file input34.tsv (TSV, C-alpha atoms)
chain	number	residue	atom	x	y	z
Z	1	MET	CA	-41.13	6.89	-194.13
Z	2	ALA	CA	-38.53	9.54	-193.26
Z	3	ASP	CA	-35.13	8.52	-191.91
Z	4	THR	CA	-35.27	10.98	-189.01
Z	5	PHE	CA	-37.72	12.63	-186.65
Z	6	GLN	CA	-37.64	15.78	-184.51
Z	7	LEU	CA	-36.54	15.14	-180.92
Z	8	GLU	CA	-37.12	17.85	-178.35
Z	9	LEU	CA	-36.05	17.60	-174.72
Z	10	VAL	CA	-37.40	20.29	-172.43
Z	11	SER	CA	-36.71	20.72	-168.72
Z	12	PRO	CA	-38.23	23.38	-166.47
Z	13	GLU	CA	-35.02	25.41	-166.86
Z	14	ARG	CA	-34.45	25.26	-170.61
Z	15	LEU	CA	-34.69	23.54	-173.96
Z	16	LEU	CA	-31.81	21.04	-173.92
Z	17	LEU	CA	-32.16	19.51	-177.34
Z	18	SER	CA	-34.13	20.16	-180.51
Z	19	ARG	CA	-32.95	18.45	-183.70
Z	20	GLN	CA	-33.53	15.70	-186.22
Z	21	VAL	CA	-32.36	12.27	-184.99
Z	22	GLU	CA	-32.51	8.69	-186.26
Z	23	MET	CA	-33.54	7.07	-182.98
Z	24	ALA	CA	-33.99	7.77	-179.30
Z	25	VAL	CA	-34.24	5.29	-176.45
Z	26	ILE	CA	-36.24	6.72	-173.57
Z	27	PRO	CA	-36.76	5.39	-170.01
Z	28	ALA	CA	-40.52	4.83	-170.10
Z	29	ALA	CA	-42.15	3.84	-166.82
Z	30	GLU	CA	-42.82	0.36	-168.25
Z	31	GLY	CA	-39.24	-0.08	-169.50
Z	32	GLU	CA	-36.81	1.16	-172.12
Z	33	MET	CA	-38.61	2.30	-175.27
Z	34	GLY	CA	-37.06	2.84	-178.67
Z	35	VAL	CA	-38.50	5.65	-180.77
Z	36	LEU	CA	-38.01	5.60	-184.54
Z	37	PRO	CA	-39.49	7.68	-187.37
Z	38	GLY	CA	-43.11	6.69	-188.00
Z	39	HIS	CA	-43.72	5.53	-184.41
Z	40	SER	CA	-47.34	5.14	-183.34
Z	41	PRO	CA	-48.68	8.13	-181.39
Z	42	MET	CA	-48.64	7.79	-177.61
Z	43	ILE	CA	-47.96	9.59	-174.37
Z	44	VAL	CA	-45.79	7.78	-171.83
Z	45	ALA	CA	-44.66	8.50	-168.29
Z	46	LEU	CA	-40.90	8.49	-167.78
Z	47	ARG	CA	-38.96	7.10	-164.84
Z	48	GLY	CA	-35.49	8.25	-163.87
Z	49	GLY	CA	-32.99	7.04	-166.44
Z	50	VAL	CA	-30.93	7.86	-169.49
Z	51	ILE	CA	-32.14	9.01	-172.90
Z	52	SER	CA	-29.84	7.73	-175.62
Z	53	VAL	CA	-29.81	9.64	-178.93
Z	54	ARG	CA	-28.62	8.11	-182.21
Z	55	GLU	CA	-27.50	10.12	-185.21
Z	56	ASN	CA	-25.51	9.08	-188.30
Z	57	GLY	CA	-25.61	5.44	-187.23
Z	58	ALA	CA	-24.02	5.97	-183.79
Z	59	GLU	CA	-24.94	7.10	-180.29
Z	60	SER	CA	-24.38	10.85	-180.25
Z	61	GLU	CA	-25.68	11.90	-176.87
Z	62	ARG	CA	-26.80	10.57	-173.48
Z	63	LEU	CA	-28.93	12.62	-171.10
Z	64	PHE	CA	-30.13	11.74	-167.61
Z	65	VAL	CA	-33.78	12.55	-166.86
Z	66	ALA	CA	-35.28	12.34	-163.38
Z	67	GLY	CA	-38.78	11.57	-164.69
Z	68	GLY	CA	-41.47	13.32	-166.70
Z	69	PHE	CA	-43.52	12.52	-169.79
Z	70	ALA	CA	-42.93	11.98	-173.49
Z	71	GLU	CA	-45.30	12.58	-176.36
Z	72	VAL	CA	-44.43	10.38	-179.33
Z	73	LEU	CA	-45.79	11.13	-182.80
Z	74	PRO	CA	-44.77	9.67	-186.17
Z	75	ASP	CA	-42.56	12.70	-186.96
Z	76	ARG	CA	-41.66	14.00	-183.47
Z	77	CYS	CA	-40.89	13.02	-179.88
Z	78	THR	CA	-41.22	15.69	-177.22
Z	79	VAL	CA	-39.80	14.87	-173.79
Z	80	LEU	CA	-40.98	17.02	-170.89
Z	81	ALA	CA	-38.49	16.13	-168.17
Z	82	ASP	CA	-38.75	16.99	-164.48
Z	83	GLU	CA	-34.98	17.45	-164.61
Z	84	ALA	CA	-32.47	16.73	-167.37
Z	85	THR	CA	-28.67	16.75	-167.41
Z	86	PRO	CA	-26.08	15.49	-169.90
Z	87	VAL	CA	-24.70	12.22	-168.47
Z	88	ALA	CA	-21.17	13.67	-168.56
Z	89	ASP	CA	-22.31	16.36	-166.08
Z	90	VAL	CA	-24.00	13.98	-163.61
Z	91	SER	CA	-22.18	14.00	-160.27
Z	92	ARG	CA	-21.74	10.71	-158.41
Z	93	ALA	CA	-21.60	12.62	-155.09
Z	94	GLU	CA	-24.89	14.40	-155.86
Z	95	ALA	CA	-26.49	11.09	-156.86
Z	96	GLU	CA	-25.35	9.47	-153.59
Z	97	ARG	CA	-26.72	12.44	-151.60
Z	98	ARG	CA	-30.09	12.25	-153.37
Z	99	LEU	CA	-30.25	8.50	-152.88
Z	100	ALA	CA	-29.61	8.81	-149.13
Z	101	GLU	CA	-32.32	11.48	-148.82
Z	102	ALA	CA	-34.81	9.46	-150.89
Z	103	GLU	CA	-34.18	6.25	-148.92
Z	104	SER	CA	-34.61	8.17	-145.66
Z	105	ALA	CA	-37.91	9.63	-146.88
Z	106	LEU	CA	-39.07	6.18	-147.98
Z	107	ALA	CA	-38.22	4.74	-144.54
Z	108	GLU	CA	-40.45	7.40	-142.95
Z	109	VAL	CA	-43.48	6.33	-144.98
Z	110	THR	CA	-45.78	4.30	-142.74
Z	111	GLY	CA	-48.64	1.90	-143.37
Z	112	ALA	CA	-51.04	4.74	-142.57
Z	113	ASP	CA	-49.74	6.83	-145.49
Z	114	THR	CA	-51.57	6.90	-148.79
Z	115	PRO	CA	-50.46	4.66	-151.66
Z	116	GLU	CA	-49.68	7.81	-153.63
Z	117	ARG	CA	-47.20	8.98	-150.98
Z	118	ARG	CA	-45.51	5.57	-150.93
Z	119	ASP	CA	-45.33	5.53	-154.74
Z	120	LEU	CA	-43.85	9.03	-154.79
Z	121	ALA	CA	-41.20	8.08	-152.22
Z	122	MET	CA	-40.31	4.91	-154.14
Z	123	GLY	CA	-40.14	6.89	-157.39
Z	124	ARG	CA	-37.60	9.25	-155.82
Z	125	VAL	CA	-35.47	6.28	-154.72
Z	126	GLN	CA	-35.59	4.72	-158.17
Z	127	SER	CA	-34.71	8.03	-159.85
Z	128	ALA	CA	-31.75	8.56	-157.50
Z	129	ARG	CA	-30.52	5.01	-158.19
Z	130	ALA	CA	-30.75	5.66	-161.93
Z	131	MET	CA	-28.81	8.89	-161.45
Z	132	ARG	CA	-26.08	7.03	-159.54
Z	133	GLU	CA	-25.92	4.43	-162.28
Z	134	ALA	CA	-25.68	7.13	-164.95
Z	135	ALA	CA	-22.87	8.83	-163.01
Z	136	GLY	CA	-20.98	5.53	-162.88
Z	137	ALA	CA	-21.35	5.11	-166.64
Z	138	ALA	CA	-20.14	8.61	-167.47

call {"tool": "encode", "arguments": {"input": "input34.tsv", "output": "structure tokens"}}
result
Amino acid sequence: MADTFQLELVSPERLLLSRQVEMAVIPAAEGEMGVLPGHSPMIVALRGGVISVRENGAESERLFVAGGFAEVLPDRCTVLADEATPVADVSRAEAERRLAEAESALAEVTGADTPERRDLAMGRVQSARAMREAAGAA
């Protein structure tokens, strides 16, 4: 088994990261998920949260993602993020603004709305909360 795998992080705007890493921890919809070389193949949905990258035995990078998907293979992990930003660049004020908007939109969802619309609104709230948390940790 190799000691590293190829990690690629792509947002709609650009390729943010493409290099060999030892480990990545991604915010899968079901919870934090560690990816190591030789991982079983899978595709997972991502929730808003932080991707932690480990190289040379230490955390080398932290990136906030607002959601998306990840394809994990034994020799590669490709993250297709709805939005991605280095944690150091995440603005607390922007996170607070997004959270207020998302909570307002969630409050407008009524019992007559579809479950999909409620889930989407709740997903936006959770992503904004994760962004605020990431901004506080930066």

call {"tool": "closest_residue", "arguments": {"input": "input34.tsv", "among": "Z:Arg76, Z:Arg47, Z:Arg19, Z:Arg118", "to": "Z:Met33", "atoms": "all atoms listed in the file"}}
result
Z:Arg47

call {"tool": "closest_residue", "arguments": {"input": "input34.tsv", "among": "Z:Leu7, Z:Ala95, Z:Ala81, Z:Ile26", "to": "Z:Glu55", "atoms": "only C-alpha atoms"}}
result
Z:Leu7

call {"tool": "residues_near_point", "arguments": {"input": "input34.tsv", "point": "(-40.0, 2.8, -158.7)", "cutoff": "12 Å", "atoms": "all atoms listed in the file", "output": "MDAnalysis selection string"}}
result
chainID Z and resid 28:31 46:49 66:67 102:103 106 118:130

call {"tool": "atom_distance", "arguments": {"input": "input34.tsv", "atom1": "atom CA of Z:Phe64", "atom2": "atom CA of Z:Ala134"}}
result
6.9 Å

call {"tool": "residues_near_point", "arguments": {"input": "input34.tsv", "point": "(-24.7, 11.2, -177.7)", "cutoff": "12 Å", "atoms": "all atoms listed in the file", "output": "JSON, numbers by chain"}}
result
{"Z": [17, 21, 22, 23, 24, 25, 50, 51, 52, 53, 54, 55, 56, 57, 58, 59, 60, 61, 62, 63, 64, 86, 87, 88, 138]}

call {"tool": "closest_residue", "arguments": {"input": "input34.tsv", "among": "Z:Thr114, Z:Ser18, Z:Thr4, Z:Ser104", "to": "Z:Pro74", "atoms": "only C-alpha atoms"}}
result
Z:Thr4

call {"tool": "atom_distance", "arguments": {"input": "input34.tsv", "atom1": "atom CA of Z:Glu13", "atom2": "atom CA of Z:Arg98"}}
result
19.5 Å

call {"tool": "atom_distance", "arguments": {"input": "input34.tsv", "atom1": "atom CA of Z:His39", "atom2": "atom CA of Z:Ala70"}}
result
12.7 Å

call {"tool": "closest_residue", "arguments": {"input": "input34.tsv", "among": "Z:Glu101, Z:Pro27, Z:Cys77, Z:Asp113", "to": "Z:Met42", "atoms": "all atoms listed in the file"}}
result
Z:Cys77

call {"tool": "closest_residue", "arguments": {"input": "input34.tsv", "among": "Z:Glu94, Z:Glu108, Z:Glu116, Z:Glu71", "to": "Z:Glu133", "atoms": "all atoms listed in the file"}}
result
Z:Glu94

call {"tool": "closest_residue", "arguments": {"input": "input34.tsv", "among": "Z:Ala84, Z:Leu9, Z:Arg117, Z:Ala45", "to": "Z:Gly68", "atoms": "all atoms listed in the file"}}
result
Z:Ala45

call {"tool": "axis_aligned_box", "arguments": {"input": "input34.tsv", "around": "stretch 122-131 of chain Z", "padding_each_side": "3 Å", "output": "JSON"}}
result
{"center_x": -34.6, "center_y": 7.0, "center_z": -158.0, "size_x": 17.5, "size_y": 10.5, "size_z": 13.8}
